[in-house]
Structure formats: structure tokens, C-alpha cells
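upload-v5.tsv (TSV, C-alpha atoms) appears below.
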```tsv
chain	number	residue	atom	x	y	z
V	1	MET	CA	0.00	0.00	0.00
V	2	ALA	CA	1.37	3.39	-0.94
V	3	SER	CA	2.11	5.92	1.78
V	4	LYS	CA	-0.50	8.36	0.45
V	5	GLU	CA	-3.18	5.63	0.56
V	6	ARG	CA	-2.28	4.86	4.17
V	7	ASN	CA	-2.74	8.52	5.09
V	8	ASN	CA	-6.27	8.53	3.65
V	9	VAL	CA	-7.65	6.11	6.26
V	10	ASP	CA	-10.44	7.63	8.32
V	11	PRO	CA	-9.09	7.81	11.89
V	12	HIS	CA	-12.48	7.13	13.47
V	13	ALA	CA	-12.95	4.01	11.36
V	14	ALA	CA	-9.39	2.92	12.14
V	15	ALA	CA	-9.89	3.40	15.89
V	16	GLU	CA	-13.12	1.40	15.81
V	17	ALA	CA	-11.53	-1.35	13.71
V	18	LEU	CA	-8.68	-1.58	16.21
V	19	ARG	CA	-11.11	-1.57	19.15
V	20	ALA	CA	-13.07	-4.43	17.55
V	21	ALA	CA	-9.94	-6.45	16.74
V	22	LEU	CA	-8.66	-6.05	20.28
V	23	SER	CA	-12.05	-7.04	21.66
V	24	ASP	CA	-11.94	-10.20	19.53
V	25	VAL	CA	-8.85	-11.32	21.47
V	26	GLY	CA	-10.23	-10.17	24.83
V	27	LEU	CA	-8.26	-6.93	25.13
V	28	VAL	CA	-9.49	-3.44	25.96
V	29	LEU	CA	-7.49	-0.23	25.68
V	30	PRO	CA	-9.66	2.15	27.73
V	31	SER	CA	-8.03	5.30	26.38
V	32	LEU	CA	-8.15	4.33	22.69
V	33	ARG	CA	-9.43	7.35	20.73
V	34	VAL	CA	-8.80	9.66	17.83
V	35	ASP	CA	-6.38	12.43	18.81
V	36	PRO	CA	-8.43	15.64	18.52
V	37	ALA	CA	-5.28	17.80	18.49
V	38	SER	CA	-3.97	16.33	15.24
V	39	PRO	CA	-6.78	16.19	12.66
V	40	THR	CA	-4.48	16.51	9.65
V	41	LEU	CA	-2.12	13.82	10.95
V	42	ARG	CA	-5.01	11.43	11.70
V	43	LEU	CA	-3.35	10.12	14.85
V	44	ILE	CA	-4.90	7.51	17.13
V	45	GLU	CA	-4.14	7.63	20.84
V	46	LEU	CA	-3.67	4.16	22.26
V	47	GLY	CA	-3.40	5.45	25.81
V	48	ARG	CA	-1.92	3.82	28.85
V	49	VAL	CA	-2.46	0.19	29.82
V	50	ARG	CA	-1.42	-2.08	32.65
V	51	SER	CA	1.70	-4.13	32.02
V	52	ASP	CA	-0.29	-7.39	31.88
V	53	VAL	CA	-2.47	-5.94	29.11
V	54	ALA	CA	0.63	-4.80	27.19
V	55	ALA	CA	2.11	-8.31	27.48
V	56	ARG	CA	-1.14	-9.88	26.26
V	57	LEU	CA	-1.28	-7.41	23.38
V	58	ALA	CA	2.27	-8.29	22.35
V	59	GLU	CA	1.38	-11.99	22.51
V	60	ALA	CA	-1.73	-11.48	20.38
V	61	ILE	CA	0.26	-9.54	17.78
V	62	ARG	CA	2.95	-12.22	17.63
V	63	ARG	CA	0.35	-14.97	17.19
V	64	GLY	CA	-1.40	-13.06	14.41
V	65	VAL	CA	1.61	-11.77	12.49
V	66	THR	CA	1.41	-12.19	8.75
V	67	ARG	CA	4.33	-11.62	6.44
V	68	ASP	CA	2.28	-10.20	3.54
V	69	ALA	CA	1.84	-6.72	5.02
```
Please rewrite the model in this file as C-alpha cells.
Amino acid sequence: MASKERNNVDPHAAAEALRAALSDVGLVLPSLRVDPASPTLRLIELGRVRSDVAARLAEAIRRGVTRDA
């Protein structure tokens, strides 16, 4: 995917897609939201999480890694 295409992703849709994917593996990032201070950058705030949640997130990512991205 080209860099320009990546920048055209709606941040609200991206945040909700991430929230749903995390929920599918039993994870919740309570502070996950679109960063209102950076509308042109389309940043997503992941927020702070407990260390056990961070470890579970890392494990879920490692289990689901694909090499085609």
C-alpha cells in the first residue's frame, strides 16, 4: 500500500476497527481514541495500559503476524 493511501484512512474508522480487533482477542485499551489535536495527521491515541495488558497485546500480535503486510 502506498504511503499516500495509508494517510487517507479515516481515523475514526481505524480506531473502531482496532477496538473491535482487540475485543476479539479479549483486550481493551480504555483510552483508545482519535487524537483531537492532530486532525491533519489522523493520529490515534492508544493510551496507557497495565503491564499485563501490554504483554497480552504483544502476545496477540505475535500470534497473528502475517508476512504479507
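In terms of minimum interatomic distance to Leu22 (chain V), V:Leu57 ranks closest within V:Asn7, V:Arg63, V:Leu57, V:Glu45, counting only C-alpha atoms.
Each of V:Ala55, V:Ile61, V:Val9, V:Ala17 was compared to Leu43 (chain V) using all atoms listed in the file, and V:Val9 turns out to be the nearest.
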- Which distance in Å separates CA of Pro30 (chain V) and CA of Ala15 (chain V), to one decimal? 11.9 Å
- So, counting all atoms listed in the file, which residue among V:Val28, V:Arg33, V:Ser38, V:His12 is closest to Val53 (chain V)? V:Val28
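Counting from CA of Pro11 (chain V), the distance to CA of Arg62 (chain V) is 24.1 Å.
Distance-wise, CA of Arg48 (chain V) and CA of Leu32 (chain V) end up 8.8 Å apart.
Ranking V:Gly64, V:Pro39, V:Val49, V:Ala58 by their shortest atom-to-atom distance to Asp10 (chain V), with all atoms listed in the file included, puts V:Pro39 first.
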With 3 Å of padding per side, what axis-aligned box (centre and edge lengths, Å, one decimal) covers all the listed atoms of region 46-58 of chain V? Give it as AutoDock Vina command-line options.
```
--center_x -0.7 --center_y -2.2 --center_z 27.5 --size_x 11.9 --size_y 21.3 --size_z 16.4
```
- From the list V:Arg56, V:Ala14, V:Asn8, V:Ala21, which residue is nearest Asp35 (chain V) when using only C-alpha atoms? V:Ala14
